[in-house]
>>> print(open('upload20.cif').read())   # mmCIF, C-alpha atoms
data_entry
loop_
_atom_site.label_atom_id
_atom_site.label_comp_id
_atom_site.auth_asym_id
_atom_site.auth_seq_id
_atom_site.Cartn_x
_atom_site.Cartn_y
_atom_site.Cartn_z
CA MET G 1 22.71 -20.36 -5.65
CA LEU G 2 19.83 -18.24 -4.33
CA SER G 3 20.74 -14.71 -3.24
CA MET G 4 17.91 -14.41 -0.78
CA GLY G 5 16.31 -11.57 1.05
CA MET G 6 13.79 -12.48 3.71
CA GLY G 7 10.73 -10.98 2.10
CA ILE G 8 7.79 -12.23 0.13
CA ASP G 9 9.45 -12.80 -3.23
CA SER G 10 12.55 -14.71 -2.16
CA ALA G 11 10.62 -16.70 0.43
CA ALA G 12 8.18 -17.82 -2.27
CA ILE G 13 10.99 -19.10 -4.50
CA LEU G 14 12.71 -21.07 -1.75
CA ALA G 15 9.51 -22.46 -0.27
CA ARG G 16 8.31 -23.64 -3.69
CA TRP G 17 11.63 -25.27 -4.51
CA LEU G 18 11.60 -27.13 -1.16
CA THR G 19 7.98 -28.27 -1.36
CA ASP G 20 7.59 -28.83 -5.12
CA PRO G 21 10.56 -30.67 -6.68
CA ALA G 22 9.08 -30.22 -10.15
CA SER G 23 9.63 -26.45 -9.85
CA ARG G 24 13.43 -26.80 -10.00
CA ASP G 25 15.97 -28.42 -12.32
CA PHE G 26 18.80 -29.07 -9.85
CA ALA G 27 19.56 -31.15 -6.75
CA LEU G 28 19.15 -29.44 -3.41
CA GLU G 29 22.67 -30.48 -2.43
CA ASP G 30 23.87 -28.06 -5.12
CA LEU G 31 21.84 -25.18 -3.73
CA VAL G 32 23.43 -22.48 -1.57
CA VAL G 33 21.06 -19.92 -0.05
CA ILE G 34 22.76 -16.70 1.07
CA THR G 35 21.36 -13.61 2.84
CA ALA G 36 23.10 -10.33 3.67
CA MET G 37 22.00 -8.85 6.99
CA VAL G 38 21.60 -5.07 7.10
CA GLY G 39 20.80 -4.91 10.80
CA SER G 40 17.47 -3.10 11.35
CA GLU G 41 14.95 -5.66 10.14
CA TYR G 42 11.52 -6.00 11.71
CA ARG G 43 11.32 -8.78 14.32
CA ALA G 44 8.31 -10.22 12.49
CA THR G 45 10.60 -11.19 9.62
CA GLU G 46 12.98 -13.01 11.95
CA ARG G 47 10.03 -14.92 13.45
CA LEU G 48 8.70 -15.99 10.04
CA MET G 49 12.11 -17.18 8.88
CA THR G 50 12.73 -19.09 12.11
CA THR G 51 9.27 -20.64 12.18
CA TYR G 52 8.91 -21.73 8.57
CA LEU G 53 11.93 -21.55 6.28
CA LEU G 54 14.71 -22.66 8.64
CA PRO G 55 12.89 -25.94 9.42
CA LEU G 56 12.40 -26.56 5.69
CA MET G 57 16.09 -25.95 5.00
CA ARG G 58 17.07 -28.25 7.88
CA ALA G 59 14.77 -30.98 6.64
CA HIS G 60 16.34 -30.92 3.18
CA GLY G 61 19.94 -30.25 4.25
CA VAL G 62 20.12 -26.99 2.32
CA ARG G 63 23.18 -24.88 3.00
CA TYR G 64 22.23 -21.45 4.36
CA VAL G 65 24.87 -18.74 4.66
CA GLN G 66 24.23 -15.49 6.52
CA VAL G 67 26.74 -12.69 5.92
CA ALA G 68 27.15 -9.01 6.74
CA ARG G 69 29.31 -6.13 5.68
CA GLN G 70 32.80 -6.16 7.15
CA PRO G 71 33.81 -3.17 9.34
CA ARG G 72 36.69 -1.05 8.13
CA ALA G 73 39.13 1.19 9.95
CA PRO G 74 38.49 4.97 9.73
CA GLY G 75 40.15 6.51 6.71
CA THR G 76 40.40 3.26 4.73
CA ARG G 77 38.35 2.67 1.61
CA ARG G 78 38.53 -1.10 1.13
CA VAL G 79 38.68 -4.16 3.32
CA VAL G 80 39.38 -7.79 2.49
CA PRO G 81 37.44 -9.98 2.09
CA GLY G 82 34.63 -7.43 2.44
CA TYR G 83 32.20 -9.63 4.37
CA VAL G 84 31.87 -11.51 7.64
CA VAL G 85 30.07 -14.85 7.99
CA LEU G 86 27.43 -14.80 10.71
CA ASP G 87 26.30 -18.42 10.23
CA ASP G 88 26.94 -21.15 7.65
CA SER G 89 25.06 -24.42 8.08
CA ARG G 90 23.11 -27.21 6.39
CA ALA G 91 21.01 -27.40 9.54
CA PRO G 92 20.37 -23.70 10.32
CA ARG G 93 18.60 -23.08 13.61
CA ARG G 94 18.95 -19.34 14.15
CA MET G 95 18.73 -16.10 12.29
CA VAL G 96 21.61 -13.71 12.96
CA MET G 97 19.93 -10.43 12.15
CA ARG G 98 22.84 -8.06 12.67
CA GLY G 99 26.55 -8.15 11.92
CA PRO G 100 29.38 -6.32 13.69
CA ILE G 101 28.35 -3.14 11.88
CA ALA G 102 24.96 -2.16 10.50
CA LEU G 103 23.52 0.41 8.12
CA VAL G 104 21.98 2.28 11.04
CA ASP G 105 25.46 2.81 12.53
CA GLU G 106 26.53 4.60 9.36
CA LEU G 107 23.37 6.70 9.30
CA TRP G 108 23.87 7.77 12.93
CA THR G 109 27.44 8.92 12.38
CA THR G 110 26.75 10.68 9.07
CA GLY G 111 23.49 12.29 10.17
CA THR G 112 21.61 11.08 7.10
CA VAL G 113 18.66 8.92 6.07
CA PRO G 114 18.62 6.51 3.10
CA GLN G 115 18.64 8.33 -0.21
CA THR G 116 15.62 8.15 -2.53
CA ALA G 117 16.75 10.39 -5.40
CA ARG G 118 15.80 8.80 -8.74
CA HIS G 119 14.48 5.85 -6.73
CA ALA G 120 18.08 4.84 -5.98
CA ARG G 121 18.72 1.94 -3.62
CA ARG G 122 22.31 2.75 -2.73
CA CYS G 123 22.01 1.24 0.73
CA SER G 124 20.99 -2.10 -0.83
CA LEU G 125 23.99 -2.04 -3.14
CA LYS G 126 26.41 -1.26 -0.32
CA TRP G 127 24.97 -3.37 2.50
CA LYS G 128 23.53 -6.29 0.54
CA ALA G 129 25.02 -6.62 -2.92
CA GLU G 130 28.63 -5.85 -1.99
CA PRO G 131 29.02 -8.42 0.83
CA LEU G 132 27.10 -11.01 -1.21
CA ASP G 133 29.35 -10.47 -4.23
CA ALA G 134 32.45 -10.59 -2.02
CA TRP G 135 31.40 -13.92 -0.47
CA ILE G 136 30.63 -15.40 -3.88
CA ALA G 137 34.00 -14.26 -5.26
CA CYS G 138 35.84 -15.96 -2.39
CA ASN G 139 33.75 -19.14 -2.06
CA VAL G 140 32.32 -20.10 -5.45
CA ALA G 141 34.61 -21.63 -8.05
CA GLY G 142 33.77 -21.78 -11.73
CA ASP G 143 30.53 -20.81 -13.41
CA PHE G 144 27.41 -20.47 -11.27
CA ARG G 145 23.73 -19.68 -11.54
CA HIS G 146 22.74 -16.68 -9.46
CA VAL G 147 19.04 -16.66 -8.61
CA ILE G 148 17.48 -13.39 -7.43
CA GLY G 149 13.98 -12.87 -6.03
CA PHE G 150 12.67 -10.13 -8.29
CA ALA G 151 8.97 -10.57 -9.01
CA ALA G 152 7.32 -10.55 -12.43
CA ASP G 153 6.18 -6.96 -11.84
CA GLU G 154 9.76 -5.74 -11.23
CA LEU G 155 11.21 -5.96 -14.72
CA ASP G 156 13.02 -2.65 -14.26
CA ARG G 157 15.03 -4.16 -11.38
CA VAL G 158 15.77 -7.22 -13.51
CA ALA G 159 17.15 -5.04 -16.29
CA LYS G 160 19.21 -3.02 -13.83
CA ASP G 161 20.71 -6.15 -12.27
CA ARG G 162 21.75 -7.44 -15.67
CA SER G 163 23.37 -4.13 -16.53
CA PHE G 164 25.36 -4.11 -13.28
CA SER G 165 26.72 -7.66 -13.52
CA THR G 166 30.49 -7.78 -14.19
CA ASP G 167 31.19 -11.41 -13.24
CA ARG G 168 31.47 -13.40 -16.48
CA ARG G 169 31.03 -16.65 -14.54
CA ARG G 170 27.58 -15.58 -13.41
CA THR G 171 24.30 -16.47 -15.08
CA SER G 172 21.50 -14.48 -13.46
CA GLU G 173 18.09 -16.11 -13.21
CA PHE G 174 14.72 -14.79 -12.06
CA PRO G 175 12.31 -17.68 -11.42
CA LEU G 176 9.38 -15.46 -10.49
CA VAL G 177 9.56 -13.81 -13.89
CA SER G 178 9.64 -17.23 -15.55
CA TRP G 179 6.69 -18.38 -13.46
CA ASP G 180 4.85 -15.07 -14.05
CA TRP G 181 4.45 -14.62 -10.30
CA ASP G 182 4.03 -11.02 -9.21
CA ARG G 183 4.23 -10.02 -5.54
CA ALA G 184 0.51 -10.52 -4.97
CA ARG G 185 0.73 -14.09 -6.30
CA CYS G 186 3.74 -14.79 -4.07
CA ALA G 187 1.94 -13.44 -1.02
CA THR G 188 -1.17 -15.52 -1.68
CA TRP G 189 0.86 -18.69 -2.27
CA LEU G 190 2.86 -18.25 0.97
CA GLN G 191 -0.28 -17.61 3.01
CA ASP G 192 -1.91 -20.71 1.59
CA LEU G 193 1.23 -22.75 2.37
CA PHE G 194 2.00 -21.47 5.89
CA GLY G 195 -1.41 -20.27 7.07
CA GLU G 196 -0.41 -16.66 7.82
CA PRO G 197 0.67 -13.59 5.82
CA TRP G 198 4.35 -13.14 5.03
CA SER G 199 5.64 -9.69 5.90
CA ARG G 200 7.62 -7.47 3.60
CA SER G 201 11.31 -7.59 4.51
CA CYS G 202 12.98 -4.20 4.97
CA CYS G 203 14.63 -1.96 7.54
CA GLY G 204 12.32 -0.09 9.86
CA PHE G 205 13.56 3.16 8.33
CA CYS G 206 13.31 2.06 4.69
CA PRO G 207 11.92 5.06 2.74
CA PHE G 208 10.32 2.81 0.13
CA GLN G 209 7.64 1.69 2.62
CA ALA G 210 5.77 4.96 2.46
CA GLY G 211 3.91 4.58 -0.82
CA PRO G 212 0.83 2.39 -1.14
CA GLU G 213 2.00 0.38 1.91
CA ALA G 214 2.22 3.36 4.28
CA ASP G 215 -0.67 2.15 6.44
CA LEU G 216 1.07 -1.20 6.87
CA MET G 217 4.29 0.58 7.80
CA PHE G 218 2.57 2.60 10.53
CA GLN G 219 0.95 -0.59 11.79
CA ARG G 220 4.38 -2.23 12.04
CA TRP G 221 5.78 0.84 13.80
CA THR G 222 2.97 0.52 16.35
CA GLN G 223 3.83 -3.14 16.90
CA GLU G 224 7.57 -2.47 17.15
CA PRO G 225 7.91 1.01 18.73
CA ALA G 226 11.65 0.71 19.44
CA LEU G 227 12.39 0.38 15.73
CA ALA G 228 10.06 3.28 15.01
CA VAL G 229 11.82 5.48 17.58
CA GLU G 230 15.16 4.64 15.96
CA THR G 231 13.70 5.75 12.63
CA LEU G 232 12.30 9.03 13.95
CA LEU G 233 15.57 9.89 15.71
CA LEU G 234 17.53 9.28 12.52
CA GLU G 235 15.25 11.64 10.65
CA THR G 236 15.42 14.23 13.43
CA THR G 237 19.19 14.54 13.11
CA ALA G 238 19.16 14.39 9.31
CA LEU G 239 16.58 17.18 9.07
CA ALA G 240 18.63 19.41 11.35
CA LEU G 241 21.70 19.06 9.13
CA ASN G 242 19.66 19.27 5.91
CA PRO G 243 16.05 20.51 6.05
CA ARG G 244 15.42 18.73 2.73
CA SER G 245 16.12 15.30 4.27
CA THR G 246 12.66 14.07 5.20
CA LEU G 247 12.67 10.28 5.30
CA PHE G 248 10.08 9.86 2.58
CA GLY G 249 11.23 12.65 0.29
CA THR G 250 8.12 14.76 0.97
CA ARG G 251 7.48 17.96 2.87
CA SER G 252 5.79 15.94 5.60
CA SER G 253 8.28 14.30 7.94
CA ALA G 254 7.91 10.80 9.36
CA ARG G 255 7.88 12.36 12.83
CA GLN G 256 5.00 14.67 11.93
CA ARG G 257 3.00 11.85 10.36
CA SER G 258 3.61 9.63 13.39
CA THR G 259 2.41 12.40 15.69
CA GLU G 260 -0.72 12.94 13.61
CA ARG G 261 -1.52 9.23 13.83
CA GLY G 262 -0.90 9.11 17.56
CA LEU G 263 1.81 6.45 17.33
CA PRO G 264 3.51 5.55 20.63
CA ALA G 265 6.87 6.15 18.96
CA ALA G 266 6.13 9.86 18.54
CA GLN G 267 5.86 10.46 22.29
CA LEU G 268 8.77 8.12 23.04
CA THR G 269 10.92 10.09 20.61
CA GLU G 270 10.07 13.38 22.32
CA GLU G 271 10.99 11.88 25.70
CA HIS G 272 14.32 10.65 24.35
CA LEU G 273 15.16 14.03 22.83
CA ALA G 274 14.33 15.82 26.08
CA SER G 275 16.99 13.85 27.97
CA ALA G 276 19.58 13.48 25.19
CA THR G 277 22.88 15.29 24.82
CA TRP G 278 22.70 17.85 22.03
CA ALA G 279 25.41 19.31 19.85
CA CYS G 280 25.99 22.49 17.91
CA TYR G 281 27.11 21.54 14.42
CA GLU G 282 28.69 23.79 11.85
CA VAL G 283 27.47 22.66 8.43
CA ARG G 284 28.92 23.81 5.11
CA ARG G 285 27.57 22.53 1.81
CA ILE G 286 28.63 23.09 -1.80
CA LYS G 287 26.70 22.02 -4.87
CA GLY G 288 27.98 22.74 -8.35
CA PRO G 289 30.07 21.56 -11.29
CA SER G 290 32.76 19.04 -10.46
CA ARG G 291 36.32 20.38 -10.60
CA SER G 292 37.41 17.33 -12.61
CA ASN G 293 34.35 17.20 -14.88
CA PRO G 294 32.40 20.48 -15.16
CA ALA G 295 29.54 18.68 -16.91
CA THR G 296 28.80 16.76 -13.70
CA ILE G 297 27.05 18.35 -10.72
CA THR G 298 28.34 17.19 -7.35
CA ALA G 299 27.36 17.99 -3.78
CA ASP G 300 29.84 17.99 -0.88
CA ARG G 301 29.25 18.59 2.81
CA SER G 302 31.42 19.39 5.80
CA VAL G 303 30.11 18.77 9.32
CA ARG G 304 31.96 19.81 12.46
CA THR G 305 30.84 19.50 16.07
CA VAL G 306 31.44 22.79 17.85
CA ALA G 307 30.05 22.16 21.33
CA LEU G 308 27.88 19.87 23.46
CA GLY G 309 25.20 20.52 26.04
CA THR G 310 21.51 20.26 26.70
CA ARG G 311 19.21 21.41 23.93
CA ALA G 312 18.52 24.68 25.75
CA GLU G 313 22.22 25.32 26.35
CA VAL G 314 23.13 24.67 22.72
CA GLU G 315 20.35 26.89 21.43
CA ARG G 316 21.40 29.74 23.74
CA GLY G 317 24.92 29.42 22.37
CA ILE G 318 23.70 29.56 18.77
CA ALA G 319 21.54 32.60 19.52
CA ALA G 320 24.54 34.34 21.09
CA LEU G 321 26.70 33.51 18.05
CA ALA G 322 24.03 34.91 15.72
CA GLY G 323 23.92 38.13 17.71
CA GLU G 324 27.70 38.54 17.76
CA ARG G 325 28.09 37.94 14.01
CA GLN G 326 24.81 39.51 12.93
CA LEU G 327 23.63 36.24 11.40
CA ARG G 328 20.04 35.46 10.48
CA LEU G 329 18.51 33.28 13.18
CA GLU G 330 15.58 31.02 12.28
CA VAL G 331 13.43 28.29 13.74
CA ASP G 332 12.23 26.20 10.82
CA GLU G 333 8.97 24.29 10.40
CA TYR G 334 10.46 21.26 12.17
CA GLY G 335 11.59 23.28 15.20
CA TYR G 336 15.34 23.41 14.50
CA LEU G 337 17.30 26.55 15.41
CA ARG G 338 19.87 27.74 12.83
CA ALA G 339 22.20 30.69 12.53
CA TRP G 340 22.85 31.31 8.84
CA ALA G 341 26.18 32.67 7.64
CA ARG G 342 25.59 31.83 3.96
CA GLU G 343 22.31 30.84 2.34
CA ARG G 344 21.83 28.97 -0.92
CA GLY G 345 21.43 31.16 -3.97
CA VAL G 346 20.10 30.31 -7.43
CA GLN G 347 23.31 30.04 -9.46
CA TYR G 348 26.10 27.48 -9.22
CA PRO G 349 28.02 27.00 -7.11
CA LEU G 350 25.31 26.83 -4.43
CA VAL G 351 26.81 27.25 -0.97
CA GLU G 352 25.37 27.03 2.52
CA GLN G 353 26.90 27.62 5.92
CA PHE G 354 25.04 27.52 9.20
CA TRP G 355 25.20 26.45 12.83
CA VAL G 356 22.39 24.23 14.08
CA SER G 357 21.35 22.29 17.18
CA ALA G 358 20.71 18.55 16.89
CA PRO G 359 21.20 15.35 18.91
CA ALA G 360 24.88 14.59 19.46
CA GLY G 361 26.60 11.71 17.70
CA VAL G 362 27.32 12.85 14.14
CA ALA G 363 31.01 12.43 13.30
CA ASP G 364 33.10 15.32 12.01
CA LYS G 365 33.59 14.60 8.34
CA GLN G 366 34.27 16.18 4.99
CA PRO G 367 35.52 14.86 1.65
CA LYS G 368 39.06 15.29 0.48
CA GLY G 369 39.65 18.61 -1.22
CA PHE G 370 36.63 20.22 0.40
CA GLU G 371 38.53 23.24 1.75
CA ASP G 372 39.95 24.03 -1.69
CA ARG G 373 36.53 23.71 -3.29
CA TRP G 374 35.02 25.87 -0.56
CA ALA G 375 37.67 28.53 -1.11
CA ASP G 376 36.89 28.55 -4.83
CA ALA G 377 33.15 28.81 -4.14
CA VAL G 378 33.22 31.63 -1.59
CA GLY G 379 36.22 33.51 -2.95
CA ALA G 380 38.72 33.03 -0.14
CA PRO G 381 39.77 30.49 2.49
CA ARG G 382 37.82 30.78 5.72
CA PRO G 383 39.49 29.76 8.98
CA LEU G 384 37.48 27.55 11.30
CA PRO G 385 35.78 29.61 14.02
CA ASP G 386 37.27 29.86 17.45
CA SER G 387 35.35 27.37 19.60
CA GLY G 388 35.17 29.95 22.37
CA GLN G 389 32.60 31.87 20.35
CA LEU G 390 29.94 29.50 21.65
CA ALA G 391 29.38 30.14 25.33
CA LEU G 392 28.42 26.58 26.30
CA PRO G 393 29.20 24.98 29.65
CA LEU G 394 30.55 21.67 28.33
CA ALA G 395 33.87 20.94 26.69
CA VAL G 396 34.13 21.87 23.05
CA THR G 397 35.27 19.18 20.67
CA ALA G 398 38.49 19.63 18.73
CA PRO G 399 38.27 19.66 14.94
CA ARG G 400 38.32 16.03 13.72
CA VAL G 401 37.87 15.54 10.00
CA THR G 402 38.10 12.19 8.21
CA PRO G 403 37.93 11.54 4.46
CA ALA G 404 34.59 10.43 3.10
CA ASP G 405 34.03 7.10 1.35
#
>>> encode(input="upload20.cif", output="structure tokens")
Amino acid sequence: MLSMGMGIDSAAILARWLTDPASRDFALEDLVVITAMVGSEYRATERLMTTYLLPLMRAHGVRYVQVARQPRAPGTRRVVPGYVVLDDSRAPRRMVMRGPIALVDELWTTGTVPQTARHARRCSLKWKAEPLDAWIACNVAGDFRHVIGFAADELDRVAKDRSFSTDRRRTSEFPLVSWDWDRARCATWLQDLFGEPWSRSCCGFCPFQAGPEADLMFQRWTQEPALAVETLLLETTALALNPRSTLFGTRSSARQRSTERGLPAAQLTEEHLASATWACYEVRRIKGPSRSNPATITADRSVRTVALGTRAEVERGIAALAGERQLRLEVDEYGYLRAWARERGVQYPLVEQFWVSAPAGVADKQPKGFEDRWADAVGAPRPLPDSGQLALPLAVTAPRVTPAD
């Protein structure tokens, strides 16, 4: 079984197995190739898969399964079986690049971007590993060999995968490590085989593109401006709710860097924001020792939509609220207007409370027990503000809070 992404490393393994029988020690009829679709992949990847690898799999009768994460009802934590099958064939003819729900849907409703702290890849675990593991658990009987496309220069990811594995039936294998093929070797081999470069597979908003491959990322954003606009809009909302949430974990935002480079997406994003519906969000954040384990530092956030309107209308409402309550009003370096009721200090628990304008669409949400933790942090319960305190022309949303995952 090959757990396959659509990028350079996995493509090199599969292509070599299908064109060089001596590179494998099994019959192709025993091979199952499976990919989990996250939903915001570059179109170039779909074209490469459709042009080169699908015909090879058809020619050899290789079973190719495409899965995605299964949607769940609000307020529920688990679903069964945990995946949906998008296509399952020994003669695959199409790539199904998006399931019924995608990572970008979650990012829109939570007002966040993928997390990069400690080089974590939580989105990959949730949107790739979990549906893959769920499909394997339901469809593979007995012991199995699980092949993963980590290159010879990714030994840290190999070690991490082995530490995470809990399925005793599973034997993990890493052919590229055995072959001593790093990513550069894989890329050269694929180009020699197919006659064109193979693109890196990732979401358009993947934060791990911005290192040495940043120039390539901006080139891809120029070629696929719709995906770039989606990325910049995600970051716009995330930065409003948390000014530390630049996509790449730096003080320079993706939107700023796109503007500096004159990318079409920068202007398209500004045009979208000018015509979009905006919201006033109340944001409260607590960071400090966990109530259950004081040795662990946790961070919780509550987001509530207070009112909707145009950007100008929302900002007038926030300015009026700041004047009425004598709150500090600021426009930060990214152009977001906030009225601060509580600002982060230097000792735990760190608390923040502010009202901010941002594009509408973020769901009201806070974790269970947040109000009790907030009361402990600030010294007393605080009732939610009367929505009439924001003099906006459109209807104000009612409080709607759902438990977090």
>>> resolve_selection(input="upload20.cif", expression="the PyMOL selection byres ((chain G and resi 312) around 12)", output="PyMOL selection string")
chain G and resi 273-280+308-311+313-319+336-337+357-359+392-393
>>> residues_around(input="upload20.cif", residues="Arg291 of chain G", least_positions_apart="6", cutoff="12 Å", atoms="all atoms listed in the file", output="number ranges by chain")
G: 297-300, 349, 369-370, 372-374, 376-377
>>> closest_residue(input="upload20.cif", among="G:Leu234, G:Leu247, G:Val378, G:Val147", to="Cys206 of chain G", atoms="only C-alpha atoms")
G:Leu247
>>> closest_atom_pairs(input="upload20.cif", of="segment 164-268 of chain G", to="segment 36-45 of chain G", cutoff="9 Å", atoms="all atoms listed in the file", output="tab-separated table")
residue	atom	partner	partner_atom	distance
G:Trp198	CA	G:Thr45	CA	8.0
G:Ser199	CA	G:Thr45	CA	6.4
G:Arg200	CA	G:Thr45	CA	7.7
G:Ser201	CA	G:Thr45	CA	6.3
G:Cys202	CA	G:Glu41	CA	5.7
G:Cys203	CA	G:Glu41	CA	4.5
G:Gly204	CA	G:Ser40	CA	6.1
G:Phe205	CA	G:Ser40	CA	8.0
G:Arg220	CA	G:Tyr42	CA	8.1
G:Glu224	CA	G:Tyr42	CA	7.6
G:Leu227	CA	G:Ser40	CA	7.6
>>> atom_distance(input="upload20.cif", atom1="atom CA of Glu130 of chain G", atom2="atom CA of Val67 of chain G")
10.6 Å
>>> atom_distance(input="upload20.cif", atom1="atom CA of Ala228 of chain G", atom2="atom CA of Thr259 of chain G")
11.9 Å
>>> atom_distance(input="upload20.cif", atom1="atom CA of Val356 of chain G", atom2="atom CA of Lys368 of chain G")
23.3 Å
>>> resolve_selection(input="upload20.cif", expression="the PyMOL selection byres ((chain G and resi 189) around 12)", output="ChimeraX atom specification")
/G:8-9,11-13,15-16,19,181-188,190-198
>>> resolve_selection(input="upload20.cif", expression="the PyMOL selection byres ((chain G and resi 70) around 10)", output="number ranges by chain")
G: 67-69, 71-72, 78-85, 99-102, 127, 131
>>> closest_residue(input="upload20.cif", among="G:Leu233, G:Arg257, G:Arg285, G:Ser290", to="Val104 of chain G", atoms="all atoms listed in the file")
G:Leu233
